[in-house]
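Just data.txt here, compact mmCIF, C-alpha atoms and all ligand atoms:
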```txt
# COMPACT_ATOMS: atom_id res chain seq x y z
CA MET A 1 -14.89 -23.14 38.58
CA LYS A 2 -13.65 -21.28 35.53
CA ASN A 3 -15.46 -18.10 34.73
CA ARG A 4 -15.55 -16.75 31.22
CA GLN A 5 -16.72 -13.17 31.00
CA GLU A 6 -19.51 -13.03 28.42
CA LEU A 7 -19.89 -9.68 26.69
CA PRO A 8 -22.99 -8.35 24.93
CA GLU A 9 -22.94 -8.37 21.10
CA SER A 10 -23.08 -4.59 21.17
CA ALA A 11 -19.77 -4.25 23.08
CA SER A 12 -17.64 -1.63 21.34
CA PHE A 13 -13.95 -1.68 20.46
CA GLU A 14 -12.80 -0.02 23.69
CA THR A 15 -14.81 -2.45 25.82
CA LEU A 16 -13.54 -5.45 23.86
CA SER A 17 -9.95 -4.29 24.16
CA VAL A 18 -10.29 -4.17 27.96
CA ARG A 19 -12.36 -7.32 28.50
CA ALA A 20 -12.68 -9.70 25.53
CA GLY A 21 -11.26 -13.18 26.03
CA THR A 22 -11.03 -12.92 29.81
CA VAL A 23 -11.34 -16.29 31.53
CA ARG A 24 -10.87 -16.26 35.31
CA SER A 25 -9.58 -19.20 37.30
CA ALA A 26 -11.27 -20.60 40.43
CA GLU A 27 -9.49 -17.87 42.41
CA ARG A 28 -11.62 -15.27 40.58
CA GLU A 29 -8.70 -12.90 40.05
CA HIS A 30 -9.75 -9.54 38.60
CA SER A 31 -6.76 -9.07 36.29
CA GLU A 32 -5.74 -12.00 34.09
CA ALA A 33 -3.64 -14.72 35.73
CA ILE A 34 -0.25 -15.62 34.22
CA TYR A 35 0.08 -19.32 33.48
CA LEU A 36 3.83 -19.92 33.80
CA THR A 37 3.71 -23.65 33.29
CA SER A 38 4.96 -25.93 30.56
CA SER A 39 2.37 -28.66 31.13
CA PHE A 40 -0.99 -29.43 32.77
CA ILE A 41 -2.22 -32.22 35.05
CA TYR A 42 -5.40 -34.33 35.00
CA GLU A 43 -7.89 -35.73 37.52
CA SER A 44 -7.59 -39.21 36.05
CA ALA A 45 -6.12 -41.24 33.22
CA ALA A 46 -9.51 -41.07 31.53
CA GLN A 47 -9.55 -37.29 31.67
CA ALA A 48 -6.01 -37.13 30.26
CA ALA A 49 -7.14 -39.36 27.41
CA ALA A 50 -10.19 -37.16 26.75
CA VAL A 51 -8.13 -33.94 26.68
CA PHE A 52 -5.45 -35.50 24.46
CA ALA A 53 -8.17 -36.75 22.12
CA GLY A 54 -9.71 -33.29 21.98
CA GLU A 55 -12.99 -34.63 23.41
CA GLU A 56 -12.71 -32.47 26.51
CA GLU A 57 -11.59 -28.85 26.60
CA GLY A 58 -8.21 -28.48 28.28
CA ASN A 59 -4.53 -27.88 27.82
CA VAL A 60 -1.79 -30.38 27.16
CA TYR A 61 1.46 -28.50 26.82
CA SER A 62 2.32 -24.80 26.48
CA ARG A 63 3.92 -25.27 23.08
CA TYR A 64 0.38 -26.17 21.92
CA THR A 65 -1.91 -24.02 24.03
CA ASN A 66 -1.73 -21.99 27.22
CA PRO A 67 -4.73 -20.30 28.86
CA GLY A 68 -3.09 -16.86 28.94
CA VAL A 69 -1.94 -17.09 25.33
CA ARG A 70 -5.49 -18.12 24.38
CA MET A 71 -6.87 -15.03 26.15
CA PHE A 72 -4.57 -12.86 24.05
CA GLU A 73 -5.67 -14.66 20.88
CA GLU A 74 -9.35 -14.27 21.75
CA ARG A 75 -9.02 -10.58 22.56
CA MET A 76 -7.21 -9.97 19.26
CA MET A 77 -9.86 -12.01 17.39
CA ALA A 78 -12.54 -9.74 18.86
CA LEU A 79 -10.63 -6.59 17.88
CA GLU A 80 -9.82 -7.66 14.30
CA GLY A 81 -13.21 -9.29 13.73
CA ALA A 82 -11.56 -12.67 13.11
CA GLU A 83 -12.90 -16.17 13.70
CA GLU A 84 -9.54 -17.64 14.79
CA GLY A 85 -6.08 -16.52 15.83
CA CYS A 86 -2.63 -18.05 16.24
CA ALA A 87 -0.24 -16.19 18.56
CA THR A 88 3.49 -16.57 17.92
CA GLY A 89 6.75 -15.65 19.62
CA SER A 90 7.33 -12.67 17.30
CA GLY A 91 5.91 -10.93 14.27
CA MET A 92 8.37 -12.72 11.99
CA ALA A 93 7.24 -16.12 13.35
CA ALA A 94 3.67 -15.15 12.37
CA ILE A 95 4.79 -14.29 8.82
CA LEU A 96 6.84 -17.48 8.47
CA GLY A 97 3.94 -19.51 9.88
CA ILE A 98 1.52 -18.06 7.35
CA CYS A 99 3.97 -18.98 4.57
CA MET A 100 4.74 -22.48 5.85
CA ALA A 101 1.05 -23.26 6.23
CA HIS A 102 -0.13 -21.89 2.90
CA LEU A 103 2.75 -22.13 0.38
CA LYS A 104 4.54 -25.03 -1.23
CA ALA A 105 7.30 -25.54 -3.79
CA GLY A 106 6.35 -24.08 -7.15
CA ASP A 107 4.11 -21.36 -5.69
CA HIS A 108 4.57 -17.67 -6.37
CA VAL A 109 4.09 -14.70 -4.04
CA ILE A 110 3.67 -10.99 -4.77
CA CYS A 111 4.98 -8.73 -2.04
CA SER A 112 5.13 -4.98 -1.67
CA ARG A 113 8.65 -3.61 -1.94
CA SER A 114 8.05 -1.40 1.09
CA VAL A 115 7.66 -4.04 3.80
CA PHE A 116 9.71 -4.64 6.94
CA GLY A 117 13.33 -5.54 6.07
CA THR A 118 13.25 -9.06 7.52
CA THR A 119 10.02 -9.73 5.63
CA VAL A 120 11.92 -9.02 2.40
CA THR A 121 14.50 -11.62 3.51
CA ILE A 122 11.76 -14.22 4.15
CA PHE A 123 10.12 -13.73 0.75
CA GLY A 124 13.30 -13.03 -1.23
CA LYS A 125 15.69 -15.60 0.31
CA THR A 126 14.25 -18.04 2.88
CA LEU A 127 11.29 -19.13 0.76
CA ALA A 128 13.44 -19.30 -2.38
CA GLN A 129 15.32 -22.20 -0.72
CA PHE A 130 12.05 -24.13 -0.79
CA GLY A 131 11.14 -23.32 -4.38
CA VAL A 132 8.74 -20.44 -3.71
CA THR A 133 9.36 -17.43 -5.94
CA CYS A 134 8.46 -13.82 -5.21
CA THR A 135 7.87 -10.68 -7.24
CA PHE A 136 8.29 -7.37 -5.42
CA VAL A 137 6.02 -4.53 -6.58
CA GLU A 138 5.28 -0.89 -5.75
CA LEU A 139 2.75 -0.78 -2.92
CA THR A 140 0.50 1.85 -4.52
CA ASP A 141 0.77 0.78 -8.19
CA LEU A 142 -2.26 -1.44 -8.86
CA GLU A 143 -1.08 -2.16 -12.40
CA GLN A 144 2.11 -3.72 -11.05
CA TRP A 145 0.13 -5.97 -8.68
CA GLN A 146 -2.12 -7.02 -11.56
CA ALA A 147 0.75 -7.55 -13.99
CA ALA A 148 2.67 -9.74 -11.49
CA MET A 149 -0.24 -12.24 -11.17
CA LYS A 150 0.58 -15.70 -12.57
CA PRO A 151 -1.39 -18.96 -12.54
CA GLU A 152 0.86 -20.16 -9.66
CA THR A 153 0.44 -16.98 -7.56
CA LYS A 154 -0.86 -18.09 -4.15
CA MET A 155 -0.32 -15.06 -1.91
CA LEU A 156 -0.23 -11.26 -2.01
CA PHE A 157 1.43 -9.58 0.98
CA LEU A 158 1.70 -5.93 2.05
CA GLU A 159 1.93 -3.43 4.89
CA THR A 160 -0.06 -0.21 4.90
CA PRO A 161 0.74 2.59 5.59
CA SER A 162 4.31 1.93 4.57
CA ASN A 163 7.46 2.65 6.51
CA PRO A 164 8.89 5.32 6.37
CA LEU A 165 7.00 7.18 3.60
CA CYS A 166 3.47 6.49 4.88
CA GLU A 167 2.23 5.34 1.45
CA VAL A 168 -1.26 3.85 1.58
CA ALA A 169 -2.35 0.69 -0.29
CA ASP A 170 -5.86 0.32 -1.70
CA LEU A 171 -6.91 -2.76 0.29
CA GLU A 172 -10.20 -3.37 -1.54
CA ALA A 173 -8.59 -3.15 -4.98
CA ILE A 174 -5.68 -5.45 -4.10
CA ALA A 175 -8.05 -7.93 -2.42
CA ALA A 176 -10.01 -8.04 -5.70
CA ILE A 177 -6.83 -8.76 -7.72
CA ALA A 178 -5.84 -11.54 -5.28
CA HIS A 179 -9.25 -13.19 -5.25
CA GLU A 180 -9.65 -13.07 -9.02
CA GLY A 181 -6.57 -15.29 -9.15
CA ASP A 182 -7.61 -17.47 -6.16
CA ALA A 183 -4.69 -16.14 -4.11
CA LEU A 184 -4.66 -15.27 -0.42
CA PHE A 185 -4.40 -11.62 0.54
CA VAL A 186 -2.30 -11.12 3.69
CA VAL A 187 -1.94 -7.75 5.44
CA ASP A 188 0.66 -6.82 8.05
CA ASN A 189 -1.41 -4.45 10.23
CA CYS A 190 1.40 -3.60 12.62
CA PHE A 191 1.45 0.16 11.95
CA CYS A 192 -2.30 0.74 12.40
CA THR A 193 -3.36 -2.01 14.82
CA PRO A 194 -7.08 -2.86 14.80
CA ALA A 195 -7.70 0.44 16.62
CA LEU A 196 -7.13 2.27 13.31
CA GLN A 197 -7.67 -0.32 10.57
CA GLN A 198 -9.34 -3.71 10.25
CA PRO A 199 -8.03 -5.24 7.01
CA LEU A 200 -10.33 -8.29 7.14
CA ALA A 201 -13.27 -5.91 6.62
CA TRP A 202 -11.61 -4.63 3.40
CA GLY A 203 -11.15 -8.10 1.93
CA ALA A 204 -7.91 -9.39 3.46
CA ASP A 205 -7.91 -13.15 4.19
CA ILE A 206 -5.26 -13.08 6.91
CA VAL A 207 -4.13 -10.16 9.03
CA MET A 208 -0.93 -10.39 11.06
CA HIS A 209 0.89 -8.29 13.64
CA SER A 210 4.19 -7.76 15.23
CA ALA A 211 2.65 -7.35 18.70
CA THR A 212 6.12 -6.17 19.72
CA LYS A 213 5.20 -2.69 18.47
CA PHE A 214 1.98 -0.79 19.27
CA ILE A 215 0.11 -3.76 20.81
CA ASP A 216 2.58 -4.03 23.67
CA GLY A 217 3.10 -0.33 23.15
CA GLN A 218 5.73 0.03 25.82
CA GLY A 219 8.75 -1.70 24.30
CA ARG A 220 8.78 -4.57 26.80
CA CYS A 221 8.44 -7.82 24.92
CA MET A 222 8.22 -9.66 21.60
CA GLY A 223 5.09 -11.25 20.19
CA GLY A 224 3.11 -11.85 17.03
CA ILE A 225 -0.23 -13.14 15.82
CA ALA A 226 -1.99 -14.25 12.62
CA LEU A 227 -5.78 -13.90 12.39
CA GLY A 228 -8.48 -14.96 9.93
CA ASN A 229 -11.09 -17.65 9.49
CA LYS A 230 -10.64 -21.13 11.02
CA GLU A 231 -9.89 -22.79 7.71
CA LEU A 232 -6.87 -20.49 7.17
CA ILE A 233 -5.60 -20.23 10.74
CA GLN A 234 -5.78 -23.87 11.86
CA PRO A 235 -2.97 -24.93 9.47
CA ILE A 236 -0.85 -22.13 10.95
CA GLN A 237 -1.58 -23.45 14.46
CA LEU A 238 -0.50 -26.90 13.33
CA TRP A 239 2.79 -25.50 11.97
CA GLN A 240 3.31 -23.42 15.11
CA ARG A 241 2.84 -26.41 17.38
CA GLY A 242 5.52 -28.31 15.47
CA ALA A 243 7.88 -25.39 15.05
CA GLY A 244 7.66 -24.32 18.69
CA ALA A 245 7.24 -20.69 17.67
CA SER A 246 4.88 -20.23 20.63
CA LEU A 247 4.23 -16.96 22.41
CA SER A 248 5.54 -17.01 25.98
CA PRO A 249 2.72 -17.00 28.60
CA PHE A 250 4.38 -14.07 30.33
CA ASN A 251 4.53 -12.07 27.10
CA ALA A 252 0.87 -12.92 26.43
CA TRP A 253 -0.01 -11.34 29.78
CA VAL A 254 2.05 -8.21 28.97
CA LEU A 255 0.30 -7.96 25.60
CA LEU A 256 -3.16 -8.34 27.22
CA LYS A 257 -2.28 -5.37 29.44
CA GLY A 258 -1.11 -3.46 26.36
CA LEU A 259 -4.41 -4.07 24.57
CA GLU A 260 -6.37 -2.52 27.44
CA THR A 261 -4.98 0.92 26.56
CA LEU A 262 -4.63 0.37 22.80
CA LYS A 263 -7.33 2.78 21.60
CA LEU A 264 -6.30 5.54 23.99
CA ARG A 265 -2.67 5.17 23.04
CA MET A 266 -3.27 4.99 19.29
CA ASP A 267 -5.40 8.13 19.40
CA ALA A 268 -2.62 9.92 21.29
CA HIS A 269 0.11 8.60 18.91
CA CYS A 270 -1.96 9.89 15.97
CA ARG A 271 -2.51 13.28 17.62
CA ASN A 272 1.20 13.79 18.31
CA ALA A 273 2.22 12.59 14.83
CA GLN A 274 -0.35 14.87 13.19
CA GLN A 275 0.81 17.92 15.14
CA LEU A 276 4.47 17.17 14.39
CA ALA A 277 3.60 16.73 10.70
CA TRP A 278 1.83 20.11 10.54
CA TRP A 279 4.68 21.82 12.37
CA LEU A 280 7.38 20.21 10.20
CA ALA A 281 5.45 21.04 7.00
CA GLU A 282 5.68 24.72 7.92
CA HIS A 283 9.32 24.55 9.02
CA PRO A 284 11.74 26.51 6.79
CA LYS A 285 14.50 23.86 7.14
CA VAL A 286 12.26 20.97 6.09
CA VAL A 287 11.82 20.22 2.38
CA ASP A 288 9.15 17.53 2.59
CA VAL A 289 6.98 15.71 5.13
CA HIS A 290 5.58 12.22 4.54
CA TYR A 291 2.43 11.64 6.60
CA CYS A 292 -0.89 10.43 5.21
CA GLY A 293 -2.68 12.82 7.56
CA LEU A 294 -1.44 15.79 5.51
CA PRO A 295 -3.89 16.76 2.75
CA HIS A 296 -1.17 16.90 0.03
CA HIS A 297 -0.01 13.33 0.75
CA PRO A 298 -0.91 10.96 -2.15
CA GLY A 299 -2.38 8.44 0.32
CA ALA A 300 -4.56 10.92 2.22
CA ALA A 301 -7.90 10.06 0.59
CA LEU A 302 -7.42 6.28 0.88
CA ALA A 303 -6.29 6.65 4.50
CA ARG A 304 -9.44 8.63 5.26
CA LYS A 305 -11.50 5.83 3.72
CA GLN A 306 -9.92 2.75 5.29
CA GLN A 307 -8.28 4.02 8.48
CA GLN A 308 -9.73 5.58 11.61
CA GLY A 309 -6.56 7.61 12.15
CA TYR A 310 -3.35 8.30 10.26
CA GLY A 311 -0.96 6.46 12.56
CA GLY A 312 2.02 7.36 14.71
CA VAL A 313 4.84 7.20 12.16
CA LEU A 314 5.98 10.02 9.87
CA SER A 315 9.14 11.06 8.10
CA PHE A 316 10.60 14.31 6.86
CA GLU A 317 13.42 15.39 4.64
CA VAL A 318 15.98 18.07 5.34
CA GLU A 319 18.27 19.70 2.80
CA GLY A 320 21.94 18.75 3.18
CA GLY A 321 21.68 14.97 2.97
CA ARG A 322 23.07 12.59 5.54
CA GLU A 323 25.08 15.22 7.41
CA ALA A 324 22.04 17.40 8.03
CA ALA A 325 19.81 14.43 8.96
CA TRP A 326 22.41 13.13 11.41
CA LYS A 327 22.72 16.60 12.95
CA VAL A 328 18.98 16.60 13.73
CA ILE A 329 19.21 13.07 15.15
CA ASP A 330 22.34 13.76 17.19
CA SER A 331 20.89 16.94 18.72
CA VAL A 332 17.86 15.39 20.45
CA GLN A 333 17.84 15.24 24.26
CA ILE A 334 14.43 13.64 24.86
CA ILE A 335 13.69 11.52 21.79
CA SER A 336 15.33 8.05 21.64
CA ARG A 337 17.79 7.33 18.84
CA THR A 338 16.58 3.84 17.87
CA ALA A 339 14.99 2.16 14.89
CA ASN A 340 12.18 0.69 17.01
CA LEU A 341 8.65 2.09 16.97
CA GLY A 342 5.28 1.67 18.63
CA ASP A 343 6.49 2.75 22.06
CA THR A 344 5.28 5.40 24.50
CA ARG A 345 8.73 6.96 23.87
CA THR A 346 9.21 8.88 20.65
CA THR A 347 11.99 7.47 18.48
CA VAL A 348 14.05 8.97 15.67
CA THR A 349 16.03 7.10 13.03
CA HIS A 350 17.88 7.68 9.76
CA PRO A 351 16.38 5.06 7.42
CA ALA A 352 19.13 5.31 4.78
CA SER A 353 21.82 4.17 7.24
CA THR A 354 19.74 1.89 9.53
CA THR A 355 16.46 0.21 8.52
CA HIS A 356 17.21 0.50 4.79
CA CYS A 357 21.05 0.34 4.88
CA ARG A 358 21.20 -2.91 2.91
CA LEU A 359 19.55 -1.41 -0.17
CA SER A 360 21.85 -0.31 -3.00
CA ASP A 361 22.00 3.44 -3.70
CA GLU A 362 19.83 2.86 -6.75
CA ASP A 363 17.22 0.88 -4.80
CA LYS A 364 17.18 3.54 -2.07
CA LEU A 365 16.48 6.16 -4.70
CA LYS A 366 13.69 4.01 -6.16
CA ALA A 367 12.21 3.46 -2.70
CA GLY A 368 12.34 7.19 -1.91
CA ILE A 369 14.83 6.71 0.94
CA ALA A 370 16.77 9.97 0.58
CA GLU A 371 19.93 10.63 2.61
CA GLY A 372 18.20 13.65 4.17
CA LEU A 373 15.21 11.58 5.34
CA VAL A 374 14.49 11.31 9.09
CA ARG A 375 11.80 9.00 10.50
CA ILE A 376 9.88 9.78 13.66
CA ALA A 377 7.66 7.32 15.51
CA ALA A 378 5.67 9.65 17.73
CA GLY A 379 5.33 8.54 21.34
CA LEU A 380 3.18 9.93 24.09
CA GLU A 381 5.33 12.78 25.44
CA ASN A 382 4.10 16.36 25.32
CA VAL A 383 4.21 17.44 21.68
CA GLU A 384 5.68 20.86 22.46
CA ASP A 385 8.65 19.14 24.12
CA LEU A 386 9.08 16.99 20.99
CA LYS A 387 9.01 20.02 18.70
CA ALA A 388 11.61 21.78 20.86
CA ASP A 389 13.75 18.62 20.79
CA LEU A 390 13.73 18.48 16.98
CA GLU A 391 14.24 22.23 16.76
CA ARG A 392 17.61 21.84 18.56
CA GLY A 393 19.05 20.22 15.43
CA LEU A 394 16.90 21.92 12.78
CA SER A 395 17.93 25.39 13.96
CA GLN A 396 21.58 24.46 13.35
CA LEU A 397 21.02 23.68 9.66
C1 LIG B 1 8.77 -5.23 13.64
C2 LIG B 1 7.94 -5.58 12.48
C3 LIG B 1 7.81 -6.90 12.05
C4 LIG B 1 8.56 -8.04 12.71
O1 LIG B 1 8.09 -8.26 13.98
P1 LIG B 1 8.99 -8.86 15.17
O2 LIG B 1 8.04 -8.88 16.32
O3 LIG B 1 10.15 -7.95 15.33
O4 LIG B 1 9.39 -10.22 14.75
C5 LIG B 1 6.98 -7.17 10.98
N1 LIG B 1 6.32 -6.18 10.37
C6 LIG B 1 6.44 -4.88 10.73
C7 LIG B 1 5.67 -3.85 10.01
C8 LIG B 1 7.25 -4.54 11.80
O5 LIG B 1 7.37 -3.25 12.15
```
What would you get if you wrote out this structure as structure tokens?
Ligand SMILES: *Cc1c(COP(=O)(O)O)cnc(C)c1O
Amino acid sequence: MKNRQELPESASFETLSVRAGTVRSAEREHSEAIYLTSSFIYESAAQAAAVFAGEEEGNVYSRYTNPGVRMFEERMMALEGAEEGCATGSGMAAILGICMAHLKAGDHVICSRSVFGTTVTIFGKTLAQFGVTCTFVELTDLEQWQAAMKPETKMLFLETPSNPLCEVADLEAIAAIAHEGDALFVVDNCFCTPALQQPLAWGADIVMHSATKFIDGQGRCMGGIALGNKELIQPIQLWQRGAGASLSPFNAWVLLKGLETLKLRMDAHCRNAQQLAWWLAEHPKVVDVHYCGLPHHPGAALARKQQQGYGGVLSFEVEGGREAAWKVIDSVQIISRTANLGDTRTTVTHPASTTHCRLSDEDKLKAGIAEGLVRIAAGLENVEDLKADLERGLSQL
């Protein structure tokens, strides 16, 4: 007999992240089982007919549903406060699914300029092929969001805090602009995870994640998810089932394990990032530090209001442009030189020549991506070791 663990209404975030969505098989395994199967078998032809017709609960094919993938969806639904979820093979598949389900030729989208690079490609190029236009605006400039609204605007999309400058969007205000024009408000919550921010509570209609980052948290696998009410998520499920953008059952299991430590890890990422930010802000070789946990940061007040922590990602600028930034990056012995983030391992990257290398010099300037800018995604190592690692390069400047 299957055994769904029922949790009391009062269960808190930490409890939900460890236990929500757990359904045990007849073997009564304690940890979640992994369902590595493409299809499912039936007791009788009549039962097959009932499951195919949706009259009896059950699975048909893992491109549609898989018990382990469903557990991941249900745990994420509990953590984001969402009625429904659709897991996908990657974060980008979640974004494309949201677009394919909710946009059509002639529609218009407004997107923050400071979103993940591939997201810019989706909104700026891929969707353009299908007659969907997009206006890119400054994340924190409400007047630009308002001014970009047109009768055919169907979706507003952003990430907050932004990468790599940690700018913070006013979720309530942008939700109000979207809803005044009957548009959907979609938030990429990858940098905060529900442990630090729950965008649906601030008026977002759909929240999505690259689970590849902090949700896995250990750099092991790809995954994504879109969450919201049934009416908005069911069309995404329908698209996903046709597109085959399904999350692998094995990855779903890895992500379930990641969620169990999410709150602990996010608190530790925030602590390390905050301490690095304070230390860098005092450092004589550092001209500027971008972290919304610093009181002088323009997003500090909003972050205090809508986040339960300032996140694990920060950036800082050194004098001497690219050469100086590269010296800091090339001198590390512990920190990983990679553009990835959301890992137990701290990473360092030079945005101007990696994540933002495709921008023109003028666009980099506009986006605040200076040649001397270095981005850190704080991991879980000892913070004194991280400071010493950065000091190796900084002391040479
Ligand atoms: C990585 C990332 C994505 C894309 O997710 P994938 O899992 O790599 O497809 C989208 N948004 C943000 C903010 C990301 O960091």
**Study point:** Near-ligand residues for ligand LIG 1 (chain B), threshold 8 Å, only C-alpha atoms and all ligand atoms, as an NGL selection string
**Key:** :A and (89-95 or 115-116 or 118-119 or 159 or 163 or 188-191 or 209-213 or 222-224 or 340-341)
**Study point:** Nearest to A:Ala281, chosen from A:Gly372, A:Pro298, A:Gly293, A:Pro151, with all atoms listed in the file counted in the distances
**Key:**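 Smallest distance to A:Ala281 is found for A:Gly293.
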Using only C-alpha atoms, what table do you get, as a Markdown table, when you list each residue of stretch 74-186 of chain A with an atom no more than 9 Å from stretch 2-18 of chain A, its nearest pair of atoms, and their distance in Å rounded to one decimal, rows by chain then rising number?
```
| residue | atom | partner | partner_atom | distance |
| --- | --- | --- | --- | --- |
| A:Arg75 | CA | A:Ser17 | CA | 6.6 |
| A:Met76 | CA | A:Ser17 | CA | 8.0 |
| A:Ala78 | CA | A:Leu16 | CA | 6.7 |
| A:Leu79 | CA | A:Phe13 | CA | 6.5 |
```
For the residues in the current selection, export C-alpha atoms as a PDB file, keeping the file's coordinate frame.
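Result file again14.pdb:
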```
ATOM      1  CA  ARG A  75      -9.020 -10.580  22.560  1.00  0.00           C
ATOM      2  CA  MET A  76      -7.210  -9.970  19.260  1.00  0.00           C
ATOM      3  CA  ALA A  78     -12.540  -9.740  18.860  1.00  0.00           C
ATOM      4  CA  LEU A  79     -10.630  -6.590  17.880  1.00  0.00           C
TER       5      LEU A  79
END
```
Check your understanding: Hey, can you check how far atom CA of A:Ile329 sits from atom CA of A:Lys285?
Key ->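 Here the two named atoms are 14.2 Å from each other.
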Take every atom of stretch 355-371 of chain A listed in the file, pad by 3 Å on each side, and give me the axis-aligned box centre and edge lengths in Å, one decimal, as lines of an AutoDock Vina configuration file.
```
center_x = 17.1
center_y = 3.9
center_z = 0.9
size_x = 15.8
size_y = 19.5
size_z = 21.3
```
Review point. Using all atoms listed in the file, which of A:Glu167, A:Ser162, A:Thr346, A:Ala48 sits nearest A:Leu294?
Key: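 Checking each of A:Glu167, A:Ser162, A:Thr346, A:Ala48 against A:Leu294, counting all atoms listed in the file, the winner is A:Glu167.
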Review point. What is the distance, in Å and to one decimal place, between atom CA of A:Val383 and atom CA of A:Ala273?
Key: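 Going from atom CA of A:Val383 over to atom CA of A:Ala273 covers 8.6 Å.
Among the candidates A:Cys166, A:Ala245, A:Val69, A:Leu394, the one nearest to A:Ser114 when counting all atoms listed in the file is A:Cys166.
Closest to A:Gly203 among A:Glu323, A:Glu172, A:Glu43, A:Glu74 is A:Glu172, based on only C-alpha atoms.
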May I have the protein, DNA and RNA residues with an atom at most 10 Å from (-1.2, -10.1, 4.9), counting all atoms listed in the file in the file's coordinates, returned as a short mmCIF file (atom, residue, chain, number, x, y, z; two decimals) with C-alpha atoms, in the coordinates of the input?
```cif
data_model
loop_
_atom_site.label_atom_id
_atom_site.label_comp_id
_atom_site.auth_asym_id
_atom_site.auth_seq_id
_atom_site.Cartn_x
_atom_site.Cartn_y
_atom_site.Cartn_z
CA ILE A 95 4.79 -14.29 8.82
CA ILE A 98 1.52 -18.06 7.35
CA CYS A 111 4.98 -8.73 -2.04
CA MET A 155 -0.32 -15.06 -1.91
CA LEU A 156 -0.23 -11.26 -2.01
CA PHE A 157 1.43 -9.58 0.98
CA LEU A 158 1.70 -5.93 2.05
CA GLU A 159 1.93 -3.43 4.89
CA THR A 160 -0.06 -0.21 4.90
CA LEU A 184 -4.66 -15.27 -0.42
CA PHE A 185 -4.40 -11.62 0.54
CA VAL A 186 -2.30 -11.12 3.69
CA VAL A 187 -1.94 -7.75 5.44
CA ASP A 188 0.66 -6.82 8.05
CA ASN A 189 -1.41 -4.45 10.23
CA PRO A 199 -8.03 -5.24 7.01
CA LEU A 200 -10.33 -8.29 7.14
CA ALA A 204 -7.91 -9.39 3.46
CA ASP A 205 -7.91 -13.15 4.19
CA ILE A 206 -5.26 -13.08 6.91
CA VAL A 207 -4.13 -10.16 9.03
CA MET A 208 -0.93 -10.39 11.06
CA HIS A 209 0.89 -8.29 13.64
CA ALA A 226 -1.99 -14.25 12.62
CA LEU A 227 -5.78 -13.90 12.39
#
```
Point to revise | Among the residues A:Pro67, A:Gly54, A:Gly309, A:Gly217, the one that comes closest to A:Gln197 [using all atoms listed in the file] | key: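 Distance minimum relative to A:Gln197 lands on A:Gly309.
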Practice item. Give the answer as one residue: which of A:Ile177, A:Arg241, A:Leu276, A:Val109 has the shortest atom-to-atom distance to A:Val60, using only C-alpha atoms? Key: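 Ranking A:Ile177, A:Arg241, A:Leu276, A:Val109 by distance to A:Val60, first place goes to A:Arg241.
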Practice item. For A:Glu80, list every protein, DNA or RNA residue within 6 Å, evaluated using all atoms listed in the file, and leave out those in the same chain fewer than 3 positions away; present the list as an NGL selection string. Key: :A and (77 or 194 or 198)
**Study point:** Contacts of A:Leu280 at 12 Å (all atoms listed in the file; same-chain gap of 5+ positions) as a list in words
**Key:**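 These residues fall inside the cut-off: Ala273, Gln274, Gln275, Lys285, Val286, Val287, Asp288, Val289, His290, Tyr291, Leu294, Leu314, Ser315, Phe316, Glu317, Val318, Val374, Ile376, Leu386, Lys387, Ala388, Leu390, Glu391 and Leu394 of chain A.
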Proximity check stretch 319-343 of chain A to stretch 348-355 of chain A, 10 Å, nearest pairs one decimal Å, only C-alpha atoms, as CSV:
```
residue,atom,partner,partner_atom,distance
A:Arg322,CA,A:His350,CA,8.3
A:Ala325,CA,A:His350,CA,7.1
A:Trp326,CA,A:His350,CA,7.3
A:Val328,CA,A:Val348,CA,9.3
A:Ile329,CA,A:Val348,CA,6.6
A:Asp330,CA,A:Val348,CA,9.7
A:Val332,CA,A:Val348,CA,8.9
A:Ile335,CA,A:Val348,CA,6.6
A:Ser336,CA,A:Val348,CA,6.2
A:Arg337,CA,A:Val348,CA,5.2
A:Thr338,CA,A:Thr349,CA,5.9
A:Ala339,CA,A:Thr349,CA,5.4
A:Asn340,CA,A:Thr349,CA,8.5
A:Leu341,CA,A:Val348,CA,8.8
```
With C-alpha atoms retained, could you export that selection as a CSV table (one decimal), in the frame of the given file?
```
chain,number,residue,atom,x,y,z
A,322,ARG,CA,23.1,12.6,5.5
A,325,ALA,CA,19.8,14.4,9.0
A,326,TRP,CA,22.4,13.1,11.4
A,328,VAL,CA,19.0,16.6,13.7
A,329,ILE,CA,19.2,13.1,15.2
A,330,ASP,CA,22.3,13.8,17.2
A,332,VAL,CA,17.9,15.4,20.4
A,335,ILE,CA,13.7,11.5,21.8
A,336,SER,CA,15.3,8.0,21.6
A,337,ARG,CA,17.8,7.3,18.8
A,338,THR,CA,16.6,3.8,17.9
A,339,ALA,CA,15.0,2.2,14.9
A,340,ASN,CA,12.2,0.7,17.0
A,341,LEU,CA,8.6,2.1,17.0
```
Review point. Interatomic distance between atom CA of A:Lys257 and atom CA of A:Asn229?
Key: 25.0 Å
